[in-house]
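File shown: query.pdb (PDB, C-alpha atoms).
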MODEL        1
ATOM      1  CA  MET S  29      88.012 -75.009 -82.806  1.00  0.00           C
ATOM      2  CA  ALA S  30      86.048 -72.886 -85.200  1.00  0.00           C
ATOM      3  CA  ASN S  31      83.224 -71.443 -83.119  1.00  0.00           C
ATOM      4  CA  PRO S  32      81.408 -69.180 -83.503  1.00  0.00           C
ATOM      5  CA  ILE S  33      81.263 -68.728 -87.256  1.00  0.00           C
ATOM      6  CA  SER S  34      79.993 -65.900 -89.441  1.00  0.00           C
ATOM      7  CA  GLN S  35      79.466 -66.775 -93.099  1.00  0.00           C
ATOM      8  CA  PRO S  36      78.612 -64.082 -95.673  1.00  0.00           C
ATOM      9  CA  ILE S  37      75.676 -64.819 -97.976  1.00  0.00           C
ATOM     10  CA  ASN S  38      75.593 -62.840-101.216  1.00  0.00           C
ATOM     11  CA  PRO S  39      74.309 -64.878-104.174  1.00  0.00           C
ATOM     12  CA  LYS S  40      76.113 -64.109-107.434  1.00  0.00           C
ATOM     13  CA  GLY S  41      73.987 -63.196-110.410  1.00  0.00           C
ATOM     14  CA  ALA S  42      71.111 -61.961-108.263  1.00  0.00           C
ATOM     15  CA  THR S  43      68.669 -59.656-110.031  1.00  0.00           C
ATOM     16  CA  ASN S  44      67.082 -58.549-106.769  1.00  0.00           C
ATOM     17  CA  THR S  45      68.607 -56.927-103.676  1.00  0.00           C
ATOM     18  CA  VAL S  46      66.356 -58.801-101.257  1.00  0.00           C
ATOM     19  CA  ALA S  47      66.268 -62.497-100.510  1.00  0.00           C
ATOM     20  CA  THR S  48      64.229 -65.283 -99.014  1.00  0.00           C
ATOM     21  CA  GLY S  49      65.786 -68.272 -97.361  1.00  0.00           C
ATOM     22  CA  THR S  50      65.655 -71.266 -95.101  1.00  0.00           C
ATOM     23  CA  ILE S  51      67.957 -72.850 -92.560  1.00  0.00           C
ATOM     24  CA  SER S  52      67.509 -76.422 -91.435  1.00  0.00           C
ATOM     25  CA  CYS S  53      69.432 -79.077 -89.572  1.00  0.00           C
ATOM     26  CA  VAL S  54      69.502 -82.016 -91.949  1.00  0.00           C
ATOM     27  CA  THR S  55      70.758 -84.575 -89.448  1.00  0.00           C
ATOM     28  CA  ASN S  56      69.637 -85.313 -85.938  1.00  0.00           C
ATOM     29  CA  ALA S  57      72.313 -84.642 -83.386  1.00  0.00           C
ATOM     30  CA  MET S  58      72.560 -86.331 -80.032  1.00  0.00           C
ATOM     31  CA  ASN S  59      70.437 -84.794 -77.289  1.00  0.00           C
ATOM     32  CA  MET S  60      73.558 -83.213 -75.831  1.00  0.00           C
ATOM     33  CA  GLN S  61      74.097 -80.959 -78.877  1.00  0.00           C
ATOM     34  CA  LYS S  62      72.535 -77.744 -80.119  1.00  0.00           C
ATOM     35  CA  ALA S  63      73.271 -74.929 -82.545  1.00  0.00           C
ATOM     36  CA  VAL S  64      72.209 -71.306 -82.163  1.00  0.00           C
ATOM     37  CA  VAL S  65      71.840 -69.591 -85.544  1.00  0.00           C
ATOM     38  CA  SER S  66      70.831 -66.191 -86.870  1.00  0.00           C
ATOM     39  CA  VAL S  67      70.783 -64.329 -90.171  1.00  0.00           C
ATOM     40  CA  VAL S  68      71.583 -60.604 -90.173  1.00  0.00           C
ATOM     41  CA  ASP S  69      70.783 -58.404 -93.185  1.00  0.00           C
ATOM     42  CA  ALA S  70      72.650 -55.453 -94.728  1.00  0.00           C
ATOM     43  CA  ASP S  71      70.949 -53.034 -92.309  1.00  0.00           C
ATOM     44  CA  GLY S  72      72.176 -55.020 -89.303  1.00  0.00           C
ATOM     45  CA  GLU S  73      68.696 -56.385 -88.563  1.00  0.00           C
ATOM     46  CA  VAL S  74      68.307 -59.968 -87.374  1.00  0.00           C
ATOM     47  CA  VAL S  75      65.860 -61.410 -89.924  1.00  0.00           C
ATOM     48  CA  VAL S  76      65.639 -64.850 -88.314  1.00  0.00           C
ATOM     49  CA  SER S  77      67.133 -66.615 -85.319  1.00  0.00           C
ATOM     50  CA  GLY S  78      66.617 -69.858 -83.509  1.00  0.00           C
ATOM     51  CA  THR S  79      68.123 -72.850 -81.777  1.00  0.00           C
ATOM     52  CA  PHE S  80      68.328 -76.336 -83.255  1.00  0.00           C
ATOM     53  CA  GLU S  81      68.430 -79.047 -80.612  1.00  0.00           C
ATOM     54  CA  GLY S  82      69.166 -82.730 -81.109  1.00  0.00           C
ATOM     55  CA  SER S  83      67.086 -85.494 -79.570  1.00  0.00           C
ATOM     56  CA  GLY S  84      69.099 -88.584 -80.482  1.00  0.00           C
ATOM     57  CA  GLU S  85      71.118 -89.734 -83.473  1.00  0.00           C
ATOM     58  CA  ASN S  86      69.620 -91.587 -86.465  1.00  0.00           C
ATOM     59  CA  ASN S  87      66.190 -90.053 -86.037  1.00  0.00           C
ATOM     60  CA  THR S  88      64.426 -87.197 -87.766  1.00  0.00           C
ATOM     61  CA  PRO S  89      66.332 -83.915 -88.258  1.00  0.00           C
ATOM     62  CA  ALA S  90      67.026 -81.828 -85.171  1.00  0.00           C
ATOM     63  CA  HIS S  91      64.104 -79.578 -84.328  1.00  0.00           C
ATOM     64  CA  VAL S  92      63.913 -75.850 -83.700  1.00  0.00           C
ATOM     65  CA  VAL S  93      63.253 -75.017 -80.064  1.00  0.00           C
ATOM     66  CA  GLY S  94      59.712 -73.644 -80.049  1.00  0.00           C
ATOM     67  CA  GLY S  95      58.515 -75.860 -82.896  1.00  0.00           C
ATOM     68  CA  GLY S  96      59.213 -77.005 -86.421  1.00  0.00           C
ATOM     69  CA  THR S  97      62.381 -78.087 -88.173  1.00  0.00           C
ATOM     70  CA  THR S  98      63.133 -75.083 -90.420  1.00  0.00           C
ATOM     71  CA  LEU S  99      63.800 -71.379 -89.908  1.00  0.00           C
ATOM     72  CA  THR S 100      62.573 -69.166 -92.770  1.00  0.00           C
ATOM     73  CA  TYR S 101      62.949 -65.509 -93.701  1.00  0.00           C
ATOM     74  CA  SER S 102      61.942 -63.211 -96.544  1.00  0.00           C
ATOM     75  CA  GLY S 103      62.519 -59.640 -97.698  1.00  0.00           C
ATOM     76  CA  ALA S 104      66.027 -59.585 -96.215  1.00  0.00           C
ATOM     77  CA  LYS S 105      68.390 -56.986 -97.718  1.00  0.00           C
ATOM     78  CA  LEU S 106      71.547 -58.409 -99.281  1.00  0.00           C
ATOM     79  CA  PRO S 107      74.283 -59.067 -98.369  1.00  0.00           C
ATOM     80  CA  LEU S 108      73.440 -61.274 -95.395  1.00  0.00           C
ATOM     81  CA  THR S 109      75.505 -62.909 -92.671  1.00  0.00           C
ATOM     82  CA  LEU S 110      74.764 -66.392 -91.337  1.00  0.00           C
ATOM     83  CA  ASN S 111      75.941 -66.764 -87.740  1.00  0.00           C
ATOM     84  CA  ALA S 112      76.177 -70.123 -85.983  1.00  0.00           C
ATOM     85  CA  GLU S 113      77.540 -71.298 -82.664  1.00  0.00           C
ATOM     86  CA  PHE S 114      77.583 -74.912 -81.548  1.00  0.00           C
ATOM     87  CA  TYR S 115      77.081 -76.110 -77.989  1.00  0.00           C
ATOM     88  CA  TYR S 116      77.264 -79.407 -76.211  1.00  0.00           C
ATOM     89  CA  ASN S 117      76.301 -80.709 -72.793  1.00  0.00           C
ATOM     90  CA  PRO S 118      79.153 -82.617 -71.166  1.00  0.00           C
ATOM     91  CA  GLY S 119      76.900 -83.713 -68.316  1.00  0.00           C
ATOM     92  CA  GLY S 120      76.070 -80.595 -66.349  1.00  0.00           C
ATOM     93  CA  GLY S 121      74.616 -77.985 -68.662  1.00  0.00           C
ATOM     94  CA  PHE S 122      75.274 -76.630 -72.139  1.00  0.00           C
ATOM     95  CA  VAL S 123      78.572 -74.877 -72.731  1.00  0.00           C
ATOM     96  CA  ALA S 124      79.424 -72.595 -75.621  1.00  0.00           C
ATOM     97  CA  ASN S 125      82.319 -72.955 -78.013  1.00  0.00           C
ATOM     98  CA  ALA S 126      82.059 -76.721 -78.211  1.00  0.00           C
ATOM     99  CA  PRO S 127      85.150 -78.350 -79.731  1.00  0.00           C
ATOM    100  CA  ASN S 128      83.632 -78.568 -83.191  1.00  0.00           C
ATOM    101  CA  LYS S 129      85.359 -78.317 -86.510  1.00  0.00           C
ATOM    102  CA  VAL S 130      83.241 -76.422 -88.993  1.00  0.00           C
ATOM    103  CA  PHE S 131      83.561 -76.871 -92.738  1.00  0.00           C
ATOM    104  CA  LEU S 132      81.872 -74.684 -95.315  1.00  0.00           C
ATOM    105  CA  ALA S 133      80.871 -76.121 -98.657  1.00  0.00           C
ATOM    106  CA  ILE S 134      79.181 -73.906-101.228  1.00  0.00           C
ATOM    107  CA  PRO S 135      78.167 -76.170-104.102  1.00  0.00           C
ATOM    108  CA  LEU S 136      76.191 -73.510-105.969  1.00  0.00           C
ATOM    109  CA  ASN S 137      76.463 -69.732-105.830  1.00  0.00           C
ATOM    110  CA  ASP S 138      75.076 -68.565-109.150  1.00  0.00           C
ATOM    111  CA  HIS S 139      71.939 -67.113-110.731  1.00  0.00           C
ATOM    112  CA  GLY S 140      70.743 -65.639-107.447  1.00  0.00           C
ATOM    113  CA  VAL S 141      70.801 -68.903-105.494  1.00  0.00           C
ATOM    114  CA  GLU S 142      73.286 -69.847-102.790  1.00  0.00           C
ATOM    115  CA  PHE S 143      73.544 -73.055-100.774  1.00  0.00           C
ATOM    116  CA  ILE S 144      75.758 -73.297 -97.700  1.00  0.00           C
ATOM    117  CA  THR S 145      76.357 -76.505 -95.776  1.00  0.00           C
ATOM    118  CA  ILE S 146      78.007 -76.438 -92.356  1.00  0.00           C
ATOM    119  CA  LEU S 147      79.225 -79.759 -90.966  1.00  0.00           C
ATOM    120  CA  SER S 148      79.986 -79.814 -87.274  1.00  0.00           C
ATOM    121  CA  GLU S 149      81.935 -82.369 -85.293  1.00  0.00           C
ATOM    122  CA  ASP S 150      80.753 -83.242 -81.824  1.00  0.00           C
ATOM    123  CA  TRP S 151      82.974 -83.833 -78.824  1.00  0.00           C
ATOM    124  CA  VAL S 152      82.914 -87.644 -79.048  1.00  0.00           C
ATOM    125  CA  ASP S 153      84.101 -88.906 -82.430  1.00  0.00           C
ATOM    126  CA  ASN S 154      85.575 -87.727 -85.706  1.00  0.00           C
ATOM    127  CA  ASP S 155      82.949 -88.427 -88.351  1.00  0.00           C
ATOM    128  CA  PHE S 156      82.033 -84.789 -89.080  1.00  0.00           C
ATOM    129  CA  ASN S 157      78.323 -85.522 -89.466  1.00  0.00           C
ATOM    130  CA  ASP S 158      76.856 -84.973 -86.042  1.00  0.00           C
ATOM    131  CA  MET S 159      75.102 -81.668 -86.674  1.00  0.00           C
ATOM    132  CA  VAL S 160      74.732 -80.577 -90.291  1.00  0.00           C
ATOM    133  CA  LEU S 161      73.099 -77.211 -90.998  1.00  0.00           C
ATOM    134  CA  ARG S 162      71.943 -76.251 -94.485  1.00  0.00           C
ATOM    135  CA  SER S 163      71.155 -72.700 -95.592  1.00  0.00           C
ATOM    136  CA  THR S 164      69.378 -71.957 -98.873  1.00  0.00           C
ATOM    137  CA  THR S 165      69.081 -68.350-100.077  1.00  0.00           C
ATOM    138  CA  ILE S 166      67.177 -67.208-103.174  1.00  0.00           C
ATOM    139  CA  ALA S 167      67.543 -63.634-104.403  1.00  0.00           C
ATOM    140  CA  HIS S 168      65.601 -63.475-107.670  1.00  0.00           C
TER     141      HIS S 168
ENDMDL
END
Could I get this file's structure written as structure tokens?
Amino acid sequence: MANPISQPINPKGATNTVATGTISCVTNAMNMQKAVVSVVDADGEVVVSGTFEGSGENNTPAHVVGGGTTLTYSGAKLPLTLNAEFYYNPGGGFVANAPNKVFLAIPLNDHGVEFITILSEDWVDNDFNDMVLRSTTIAH
């Protein structure tokens, strides 16, 4: 188990101390899965938060409760922290600390841009693609 997670965001090579960014769920999870995410800035302020909730696999990306498919923020003081916790519904209500394995892959962290991909396993199988969150931060 690797829940909850806190991932630092601090793009290398940034020429600015503030950043804009987005967080999206790039796959659609089953309707029994959700992820609660937030980004906290250097002052300890929550600059964005929301819940992604699946509605069935092999559809459009999981939506944000309240509308849309992407969380956005701007003017956030670096460094930032991306927090995520995954939940699942085993048949009687959502429970925290779902048995997910979380992997972090940072393919680019240079020139003021940082991408973070978080792949979460659900409680059913082992394909590590059931809820995939992507964070993009630009600090220049």
Point to revise | Spatial neighbours of Val74 of chain S, 10 Å, all atoms listed in the file, chain gap at least 2 places, as a PyMOL selection string | key: chain S and resi 66-72+76-77+101+104+108-110
Among S:Gly103, S:Met159, S:Ser34, S:Ala42, Asn59 of chain S is approached most closely, using all atoms listed in the file, by S:Met159
Could you please determine the separation between atom CA of Pro32 of chain S and atom CA of His168 of chain S in Å, to one decimal place?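 If I compute the distance from atom CA of Pro32 of chain S to atom CA of His168 of chain S, I get 29.4 Å.
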Quote the spacing between atom CA of Asn137 of chain S and atom CA of Lys40 of chain S in Å to one decimal place.
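One can read the atom CA of Asn137 of chain S to atom CA of Lys40 of chain S distance as 5.9 Å.
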Inset, instruction - Taking the file above as input, evaluate the PyMOL selection byres ((chain S and resi 88-96) around 6) and report the hits as a list in words. - result: Cys53, Val54, Thr55, Asn56, Thr79, Phe80, Glu81, Gly82, Asn87, Thr97 and Thr98 of chain S
If you apply the PyMOL selection byres ((chain S and resi 141) around 6) to this file, what residues do you get, as a PDB file with C-alpha atoms, keeping the file's coordinate frame?
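result_22.pdb was written with the following content:
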ATOM      1  CA  PRO S  39      74.309 -64.878-104.174  1.00  0.00           C
ATOM      2  CA  ASN S 137      76.463 -69.732-105.830  1.00  0.00           C
ATOM      3  CA  ASP S 138      75.076 -68.565-109.150  1.00  0.00           C
ATOM      4  CA  HIS S 139      71.939 -67.113-110.731  1.00  0.00           C
ATOM      5  CA  GLY S 140      70.743 -65.639-107.447  1.00  0.00           C
ATOM      6  CA  GLU S 142      73.286 -69.847-102.790  1.00  0.00           C
ATOM      7  CA  THR S 165      69.081 -68.350-100.077  1.00  0.00           C
ATOM      8  CA  ILE S 166      67.177 -67.208-103.174  1.00  0.00           C
TER       9      ILE S 166
END
>> I need the residue nearest Leu99 of chain S from this list: S:Asn111, S:Thr50, S:Ser163, S:Ile33. Use all atoms listed in the file for the distance.
In response: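 Ranking S:Asn111, S:Thr50, S:Ser163, S:Ile33 by distance to Leu99 of chain S, first place goes to S:Thr50.
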Between atom CA of Val65 of chain S and atom CA of Ile51 of chain S lies a distance of 8.7 Å
- Task: Evaluate the PyMOL selection byres ((chain S and resi 113) around 6) here and jot the selected residues down as a ChimeraX atom specification.
- Result: /S:31-32,63-64,112,114
Query raised in the report: Counting only C-alpha atoms, which of S:Pro107, S:Gly41, S:Pro36, S:Gly49 gets nearest to Thr164 of chain S?
Result: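 For Thr164 of chain S, the nearest of the candidates is S:Gly49.
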